[in-house]
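Undergrad: File name model16.csv; file contents CSV, C-alpha atoms; full text below.
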chain,number,residue,atom,x,y,z
H,164,MET,CA,-27.0,291.9,100.3
H,165,ASN,CA,-29.1,289.8,102.6
H,166,GLU,CA,-32.9,290.1,102.0
H,167,LYS,CA,-33.9,288.9,105.4
H,168,LEU,CA,-35.9,291.5,107.4
H,169,PHE,CA,-34.6,290.2,110.7
H,170,LEU,CA,-30.9,289.3,110.6
H,171,ILE,CA,-28.0,288.5,112.9
H,172,THR,CA,-24.7,288.7,111.0
H,173,LYS,CA,-21.0,288.9,111.4
H,174,GLU,CA,-20.7,291.2,108.4
H,175,PRO,CA,-20.5,295.0,108.7
H,176,LEU,CA,-24.0,296.6,108.6
H,177,ASN,CA,-25.0,298.9,105.7
H,178,ILE,CA,-27.6,301.4,106.8
H,179,GLU,CA,-28.9,302.1,103.3
H,180,GLU,CA,-29.4,298.4,102.5
H,181,ILE,CA,-31.4,297.8,105.6
H,182,THR,CA,-33.5,301.0,105.1
H,183,LYS,CA,-34.3,299.9,101.5
H,184,LYS,CA,-36.0,296.8,102.9
H,185,VAL,CA,-38.8,298.8,104.3
H,186,VAL,CA,-39.3,301.2,101.4
H,187,ARG,CA,-42.8,301.0,99.9
H,188,VAL,CA,-45.4,303.2,98.3
H,189,GLU,CA,-47.7,303.3,101.3
H,190,ALA,CA,-44.9,304.9,103.4
H,191,GLY,CA,-44.6,308.6,104.0
H,192,ALA,CA,-41.8,308.2,106.7
H,193,ILE,CA,-38.9,305.9,107.4
H,194,THR,CA,-37.0,306.2,110.7
H,195,THR,CA,-33.6,304.5,110.9
H,196,PHE,CA,-31.9,303.9,114.3
H,197,THR,CA,-28.2,303.2,114.3
H,198,GLY,CA,-26.6,301.8,117.4
H,199,THR,CA,-22.8,302.3,117.5
H,200,VAL,CA,-20.0,301.2,119.8
H,201,ARG,CA,-19.3,303.9,122.4
H,202,GLU,CA,-15.8,304.5,123.7
H,203,PHE,CA,-16.6,305.7,127.2
H,204,THR,CA,-19.2,304.1,129.5
H,205,LYS,CA,-19.4,305.7,133.0
H,206,GLY,CA,-15.9,307.1,132.6
H,207,LYS,CA,-14.4,303.8,131.6
H,208,ARG,CA,-12.7,303.4,128.3
H,209,THR,CA,-13.8,300.6,126.0
H,210,LEU,CA,-11.2,299.2,123.6
H,211,TYR,CA,-13.6,297.1,121.6
H,212,LEU,CA,-16.7,295.0,122.0
H,213,GLU,CA,-17.5,291.5,121.2
H,214,TYR,CA,-21.1,290.4,120.6
H,215,ASP,CA,-22.4,286.9,120.8
H,216,ALA,CA,-25.9,285.6,120.0
H,217,TYR,CA,-28.1,282.6,120.1
H,218,ILE,CA,-28.6,283.2,116.4
H,219,PRO,CA,-31.7,281.2,115.4
H,220,MET,CA,-33.6,282.4,118.6
H,221,ALA,CA,-32.3,285.9,118.2
H,222,GLU,CA,-33.7,286.1,114.7
H,223,LYS,CA,-37.0,284.7,115.8
H,224,LYS,CA,-37.2,287.3,118.6
H,225,LEU,CA,-36.4,290.1,116.2
H,226,ALA,CA,-39.2,288.8,114.0
H,227,GLN,CA,-41.5,288.8,117.1
H,228,ILE,CA,-40.6,292.4,117.7
H,229,GLY,CA,-41.6,293.1,114.1
H,230,GLU,CA,-44.9,291.4,114.7
H,231,GLU,CA,-45.5,293.3,117.9
H,232,ILE,CA,-44.9,296.5,116.0
H,233,SER,CA,-47.4,295.5,113.3
H,234,GLU,CA,-50.0,294.9,116.0
H,235,LYS,CA,-49.4,298.3,117.6
H,236,TRP,CA,-48.9,300.2,114.4
H,237,PRO,CA,-50.8,298.2,111.8
H,238,ASP,CA,-49.3,300.0,108.8
H,239,ALA,CA,-45.7,299.7,109.9
H,240,LYS,CA,-43.0,297.6,108.2
H,241,THR,CA,-39.8,296.8,110.2
H,242,ALA,CA,-36.3,295.5,109.4
H,243,ILE,CA,-33.7,294.9,112.0
H,244,SER,CA,-30.1,293.7,111.6
H,245,HIS,CA,-27.7,293.1,114.5
H,246,ARG,CA,-24.0,292.5,114.1
H,247,ILE,CA,-22.0,290.0,116.2
H,248,GLY,CA,-18.4,289.3,116.6
H,249,ARG,CA,-15.7,291.9,117.3
H,250,LEU,CA,-16.7,295.5,116.8
H,251,GLU,CA,-14.4,298.5,117.1
H,252,ILE,CA,-15.3,301.9,118.5
H,253,SER,CA,-17.9,303.7,116.4
H,254,GLU,CA,-18.8,300.7,114.3
H,255,ILE,CA,-22.5,299.9,113.9
H,256,ALA,CA,-23.9,297.2,116.1
H,257,VAL,CA,-27.6,297.5,115.2
H,258,VAL,CA,-29.8,299.1,112.6
H,259,ILE,CA,-33.5,299.4,112.9
H,260,ALA,CA,-35.6,300.7,110.0
H,261,VAL,CA,-39.4,301.3,110.3
H,262,SER,CA,-41.6,302.7,107.6
H,263,THR,CA,-45.1,304.0,108.2
H,264,PRO,CA,-47.6,306.2,106.4
H,265,HIS,CA,-47.0,309.1,108.9
H,266,ARG,CA,-43.8,310.1,110.8
H,267,LYS,CA,-45.0,309.9,114.4
H,268,ASP,CA,-45.7,306.2,114.2
H,269,ALA,CA,-42.3,305.6,112.6
H,270,TYR,CA,-40.5,307.3,115.5
H,271,GLU,CA,-42.5,305.6,118.2
H,272,ALA,CA,-42.3,302.1,116.6
H,273,ASN,CA,-38.5,302.5,116.1
H,274,GLU,CA,-37.9,303.3,119.8
H,275,TYR,CA,-40.2,300.5,120.8
H,276,ALA,CA,-38.0,298.1,118.8
H,277,ILE,CA,-34.7,299.0,120.5
H,278,GLU,CA,-36.3,298.8,123.9
H,279,ARG,CA,-37.6,295.3,123.2
H,280,ILE,CA,-34.2,294.2,121.8
H,281,LYS,CA,-32.7,295.0,125.1
H,282,GLN,CA,-35.4,292.9,126.9
H,283,ILE,CA,-36.0,289.8,124.9
H,284,VAL,CA,-33.4,289.2,122.2
H,285,PRO,CA,-30.6,286.7,123.2
H,286,ILE,CA,-27.6,288.8,122.3
H,287,TRP,CA,-24.7,289.5,124.7
H,288,LYS,CA,-21.9,292.0,124.6
H,289,LYS,CA,-18.5,291.6,126.1
H,290,GLU,CA,-16.7,294.8,127.0
H,291,HIS,CA,-12.9,294.8,126.5
H,292,TRP,CA,-11.1,297.4,128.6
H,293,GLU,CA,-7.4,298.2,129.1
H,294,ASP,CA,-7.5,296.3,132.4
H,295,GLY,CA,-9.9,293.4,131.7
H,296,GLU,CA,-13.0,292.1,130.0
H,297,LEU,CA,-16.5,291.3,131.1
H,298,TRP,CA,-19.8,289.9,129.6
H,299,ILE,CA,-22.3,292.6,130.3
H,300,GLY,CA,-25.8,291.8,131.4
H,301,ASP,CA,-25.3,290.4,134.9
H,302,GLN,CA,-23.2,293.3,136.1
H,303,LEU,CA,-23.7,296.8,137.4
H,304,GLU,CA,-22.7,298.3,134.0
H,305,THR,CA,-26.2,297.8,132.8
H,306,LYS,CA,-29.8,297.6,134.1
H,307,SER,CA,-30.6,294.3,135.8
H,308,TYR,CA,-34.1,292.8,135.7
H,309,PRO,CA,-36.0,294.0,138.8
H,310,LYS,CA,-37.5,290.6,139.2
H,311,GLY,CA,-34.3,288.8,138.2
H,312,ARG,CA,-35.8,288.1,134.7
H,313,PRO,CA,-38.0,289.8,132.1
H,314,ASP,CA,-41.7,290.0,133.1
H,315,LYS,CA,-43.7,287.1,131.8
H,316,GLU,CA,-45.7,289.5,129.7
H,317,ASP,CA,-42.5,290.9,128.2
H,318,ILE,CA,-41.4,287.7,126.7
H,319,GLN,CA,-44.6,286.3,125.2
R,294,MET,CA,-30.8,263.1,124.9
R,295,ILE,CA,-31.2,266.7,125.8
R,296,THR,CA,-28.9,269.4,124.3
R,297,VAL,CA,-28.0,272.3,126.6
R,298,LEU,CA,-26.5,275.4,125.2
R,299,PHE,CA,-24.4,278.0,127.2
R,300,PHE,CA,-23.7,281.6,126.3
R,301,ALA,CA,-21.7,284.6,127.5
R,302,HIS,CA,-20.2,284.2,131.0
R,303,LEU,CA,-21.9,280.8,131.5
R,304,GLN,CA,-20.0,279.5,128.4
R,305,ASP,CA,-16.8,280.7,129.9
R,306,GLN,CA,-17.6,279.1,133.2
R,307,VAL,CA,-18.5,275.7,131.7
R,308,GLY,CA,-15.7,275.8,129.2
R,309,LYS,CA,-17.9,274.8,126.3
R,310,ASP,CA,-20.8,276.0,124.3
R,311,LYS,CA,-23.0,272.9,124.7
R,312,ILE,CA,-23.4,269.6,126.5
R,313,GLU,CA,-25.6,266.6,125.9
R,314,LEU,CA,-27.5,265.0,128.8
R,315,GLU,CA,-29.1,261.6,129.2
R,316,ALA,CA,-32.3,262.3,131.0
R,317,GLY,CA,-35.9,261.4,130.9
R,318,THR,CA,-38.6,264.1,130.8
R,319,ILE,CA,-37.7,266.7,133.4
R,320,THR,CA,-38.9,270.2,134.3
R,321,VAL,CA,-36.9,273.3,133.8
R,322,ALA,CA,-36.6,273.6,137.6
R,323,GLU,CA,-35.1,270.1,137.8
R,324,LEU,CA,-32.6,270.7,135.1
R,325,LYS,CA,-31.6,274.0,136.8
R,326,LEU,CA,-30.8,272.1,140.0
R,327,LYS,CA,-28.9,269.5,138.1
R,328,LEU,CA,-26.8,272.1,136.3
R,329,MET,CA,-26.1,274.0,139.5
R,330,ASN,CA,-24.8,270.8,141.0
R,331,ASP,CA,-22.8,269.7,137.9
R,332,PHE,CA,-21.2,273.1,137.2
R,333,ASN,CA,-21.1,274.8,140.6
R,334,PHE,CA,-23.1,277.8,139.4
R,335,SER,CA,-23.5,280.1,142.4
R,336,SER,CA,-26.9,281.1,141.2
R,337,LEU,CA,-29.1,280.8,138.1
R,338,ASP,CA,-31.8,283.2,139.4
R,339,GLN,CA,-31.0,285.7,136.7
R,340,VAL,CA,-30.8,283.2,134.0
R,341,MET,CA,-33.7,282.5,131.7
R,342,PHE,CA,-34.3,279.1,130.1
R,343,ALA,CA,-35.4,278.5,126.6
R,344,ILE,CA,-36.8,275.3,125.2
R,345,ASN,CA,-36.4,274.9,121.4
R,346,GLU,CA,-35.8,278.7,121.0
R,347,GLU,CA,-38.8,279.8,123.1
R,348,TYR,CA,-38.6,281.2,126.7
R,349,ALA,CA,-39.8,278.6,129.2
R,350,GLU,CA,-41.1,278.7,132.8
R,351,ASN,CA,-39.8,276.6,135.8
R,352,ASP,CA,-42.6,274.1,135.5
R,353,ASP,CA,-42.3,273.6,131.7
R,354,LEU,CA,-41.3,270.1,130.6
R,355,ILE,CA,-38.2,269.2,128.7
R,356,LYS,CA,-38.4,266.1,126.5
R,357,GLN,CA,-35.9,263.9,124.7
R,358,GLY,CA,-34.5,265.6,121.7
R,359,ASP,CA,-35.2,269.1,123.0
R,360,THR,CA,-32.6,271.9,122.9
R,361,VAL,CA,-32.4,273.9,126.1
R,362,ALA,CA,-30.6,277.2,126.2
R,363,LEU,CA,-29.4,279.1,129.3
R,364,ILE,CA,-30.0,282.8,128.6
R,365,PRO,CA,-28.2,285.2,131.0
R,366,PRO,CA,-29.6,288.8,131.0
R,367,VAL,CA,-29.3,290.1,127.5
R,368,SER,CA,-27.2,293.1,126.4
R,369,GLY,CA,-27.8,293.6,122.7
R,370,GLY,CA,-28.4,296.9,121.0
Could the structure of this file be written out as structure tokens, please?

TA:
Amino acid sequence: MNEKLFLITKEPLNIEEITKKVVRVEAGAITTFTGTVREFTKGKRTLYLEYDAYIPMAEKKLAQIGEEISEKWPDAKTAISHRIGRLEISEIAVVIAVSTPHRKDAYEANEYAIERIKQIVPIWKKEHWEDGELWIGDQLETKSYPKGRPDKEDIQ
Amino acid sequence: MITVLFFAHLQDQVGKDKIELEAGTITVAELKLKLMNDFNFSSLDQVMFAINEEYAENDDLIKQGDTVALIPPVSGG
């Protein structure tokens, strides 16, 4: 088991292991978000996904998200692991665990984390379909940046 | 020497994950122009640049020994 709170790994993710990283006596709530590989996106069948990352920067940016959460919800503790490499349908791509004294903060902080991952963490997924493959991010399959890039305040 | 890293579709387009460049101190904007010429990218408007693992602006300076990464719109999660 890897003890790092913010981790990019090629290994399958274990929800319980990641959740345990944020267990502490001050917490009254732990929310765990699990992102899985979806078979159909807008009617198109995905065979499998491939994730790549700029690993050292991605781990730094995950840690930054943890710091942002600690600023917004001072009693929160966060752990995030994201898997890279080839992932089959229904396999786990990301696990976010947040513990707080009270449940409302744990839910809010957890949602904040996944939204920020989609903005600032250098991870890319490649969709493999029956009739082709494509790196997602610059295409219509996903939201593009309105200004062509994240807002300045989003990345600092 | 400046190391430039490519990811996702840019890596496919360039055919490798990194290159080394001999260059003096240059700005991100200048490097962007050079890469567009060298690799025929149609546009890098959507691509973020990072210097030593931190997002950079067009007028930020790249120095000898720095690692620059081209970061297309991300799609993690």

Undergrad: Kindly provide the residues of chain H that approach chain R to within 6 Å, each paired with its closest atom pair and their distance in Å to one decimal, based on all atoms listed in the file, listed by chain and increasing number, as a Markdown table.

TA:
| residue | atom | partner | partner_atom | distance |
| --- | --- | --- | --- | --- |
| H:Met220 | CA | R:Glu346 | CA | 4.9 |
| H:Val257 | CA | R:Gly370 | CA | 5.9 |
| H:Lys281 | CA | R:Gly369 | CA | 5.6 |
| H:Pro285 | CA | R:Val367 | CA | 5.6 |
| H:Ile286 | CA | R:Gly369 | CA | 4.8 |
| H:Trp287 | CA | R:Ser368 | CA | 4.7 |
| H:Lys288 | CA | R:Ser368 | CA | 5.7 |
| H:Trp298 | CA | R:His302 | CA | 5.9 |
| H:Gly300 | CA | R:Pro366 | CA | 4.9 |
| H:Gly311 | CA | R:Gln339 | CA | 4.8 |
| H:Arg312 | CA | R:Gln339 | CA | 5.7 |

Undergrad: Give me, as a list of chain:residue names, all polymer residues having an atom no more than 12 Å from H:Leu176, counting all atoms listed in the file and skipping those fewer than 6 positions away in the same chain.

TA: H:Met164, H:Asn165, H:Leu170, H:Thr182, H:Thr197, H:Gly198, H:Thr199, H:Ile243, H:Ser244, H:His245, H:Arg246, H:Ile247, H:Leu250, H:Glu254, H:Ile255, H:Ala256, H:Val257, H:Val258, H:Ile259

Undergrad: If you count only C-alpha atoms, which residues fall within 6 Å of H:Leu212, apart from same-chain ones fewer than 4 positions away, as a list in words?

TA: Arg249, Leu250, Lys289, Glu290 and His291 of chain H

Undergrad: Would you mind reading off the distance between atom CA of H:Ile299 and atom CA of H:Ile228, one decimal, in Å?

TA: 22.2 Å

Undergrad: Measure the distance from atom CA of H:Ser253 to atom CA of H:Val200 in Å and round it to one decimal.

TA: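 According to the coordinates, atom CA of H:Ser253 and atom CA of H:Val200 are separated by 4.7 Å.
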
Undergrad: Start from the incomplete input, build N, CA and C atoms for stretch 330-356 of chain R, and deliver everything as an mmCIF file, keeping the file's coordinate frame.

TA:
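Result written to part.cif:
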data_model
loop_
_atom_site.group_PDB
_atom_site.id
_atom_site.type_symbol
_atom_site.label_atom_id
_atom_site.label_comp_id
_atom_site.auth_asym_id
_atom_site.auth_seq_id
_atom_site.Cartn_x
_atom_site.Cartn_y
_atom_site.Cartn_z
ATOM 1 N N ASN R 330 -25.627 271.760 140.370
ATOM 2 C CA ASN R 330 -24.800 270.800 141.000
ATOM 3 C C ASN R 330 -23.573 270.407 140.133
ATOM 4 N N ASP R 331 -23.838 270.162 138.844
ATOM 5 C CA ASP R 331 -22.800 269.700 137.900
ATOM 6 C C ASP R 331 -21.714 270.757 137.692
ATOM 7 N N PHE R 332 -22.129 272.019 137.620
ATOM 8 C CA PHE R 332 -21.200 273.100 137.200
ATOM 9 C C PHE R 332 -20.894 274.097 138.274
ATOM 10 N N ASN R 333 -21.452 273.880 139.469
ATOM 11 C CA ASN R 333 -21.100 274.800 140.600
ATOM 12 C C ASN R 333 -21.506 276.236 140.312
ATOM 13 N N PHE R 334 -22.592 276.452 139.551
ATOM 14 C CA PHE R 334 -23.100 277.800 139.400
ATOM 15 C C PHE R 334 -23.505 278.332 140.752
ATOM 16 N N SER R 335 -23.097 279.552 141.111
ATOM 17 C CA SER R 335 -23.500 280.100 142.400
ATOM 18 C C SER R 335 -25.011 280.363 142.410
ATOM 19 N N SER R 336 -25.510 280.848 141.281
ATOM 20 C CA SER R 336 -26.900 281.100 141.200
ATOM 21 C C SER R 336 -27.362 281.144 139.731
ATOM 22 N N LEU R 337 -28.553 280.641 139.460
ATOM 23 C CA LEU R 337 -29.100 280.800 138.100
ATOM 24 C C LEU R 337 -30.388 281.591 138.157
ATOM 25 N N ASP R 338 -30.552 282.374 139.254
ATOM 26 C CA ASP R 338 -31.800 283.200 139.400
ATOM 27 C C ASP R 338 -31.982 284.166 138.301
ATOM 28 N N GLN R 339 -30.878 284.705 137.786
ATOM 29 C CA GLN R 339 -31.000 285.700 136.700
ATOM 30 C C GLN R 339 -31.038 285.136 135.344
ATOM 31 N N VAL R 340 -30.928 283.811 135.282
ATOM 32 C CA VAL R 340 -30.800 283.200 134.000
ATOM 33 C C VAL R 340 -32.153 282.644 133.495
ATOM 34 N N MET R 341 -32.505 283.026 132.271
ATOM 35 C CA MET R 341 -33.700 282.500 131.700
ATOM 36 C C MET R 341 -33.408 281.176 130.985
ATOM 37 N N PHE R 342 -34.418 280.344 130.846
ATOM 38 C CA PHE R 342 -34.300 279.100 130.100
ATOM 39 C C PHE R 342 -35.141 279.166 128.861
ATOM 40 N N ALA R 343 -34.627 278.634 127.768
ATOM 41 C CA ALA R 343 -35.400 278.500 126.600
ATOM 42 C C ALA R 343 -35.461 277.068 126.131
ATOM 43 N N ILE R 344 -36.635 276.600 125.738
ATOM 44 C CA ILE R 344 -36.800 275.300 125.200
ATOM 45 C C ILE R 344 -37.076 275.414 123.694
ATOM 46 N N ASN R 345 -36.235 274.825 122.872
ATOM 47 C CA ASN R 345 -36.400 274.900 121.400
ATOM 48 C C ASN R 345 -36.686 276.352 120.956
ATOM 49 N N GLU R 346 -35.852 277.250 121.453
ATOM 50 C CA GLU R 346 -35.800 278.700 121.000
ATOM 51 C C GLU R 346 -37.039 279.484 121.491
ATOM 52 N N GLU R 347 -37.749 279.016 122.517
ATOM 53 C CA GLU R 347 -38.800 279.800 123.100
ATOM 54 C C GLU R 347 -38.580 279.880 124.638
ATOM 55 N N TYR R 348 -38.773 281.067 125.241
ATOM 56 C CA TYR R 348 -38.600 281.200 126.700
ATOM 57 C C TYR R 348 -39.524 280.245 127.422
ATOM 58 N N ALA R 349 -38.996 279.639 128.496
ATOM 59 C CA ALA R 349 -39.800 278.600 129.200
ATOM 60 C C ALA R 349 -39.862 279.032 130.701
ATOM 61 N N GLU R 350 -40.865 278.469 131.367
ATOM 62 C CA GLU R 350 -41.100 278.700 132.800
ATOM 63 C C GLU R 350 -40.508 277.495 133.567
ATOM 64 N N ASN R 351 -40.358 277.688 134.891
ATOM 65 C CA ASN R 351 -39.800 276.600 135.800
ATOM 66 C C ASN R 351 -40.510 275.301 135.667
ATOM 67 N N ASP R 352 -41.830 275.327 135.487
ATOM 68 C CA ASP R 352 -42.600 274.100 135.500
ATOM 69 C C ASP R 352 -42.777 273.480 134.084
ATOM 70 N N ASP R 353 -42.206 274.123 133.071
ATOM 71 C CA ASP R 353 -42.300 273.600 131.700
ATOM 72 C C ASP R 353 -41.497 272.280 131.592
ATOM 73 N N LEU R 354 -41.987 271.356 130.761
ATOM 74 C CA LEU R 354 -41.300 270.100 130.600
ATOM 75 C C LEU R 354 -40.336 270.030 129.464
ATOM 76 N N ILE R 355 -39.188 269.415 129.736
ATOM 77 C CA ILE R 355 -38.200 269.200 128.700
ATOM 78 C C ILE R 355 -38.194 267.743 128.324
ATOM 79 N N LYS R 356 -38.288 267.484 127.017
ATOM 80 C CA LYS R 356 -38.400 266.100 126.500
ATOM 81 C C LYS R 356 -37.149 265.694 125.757
#
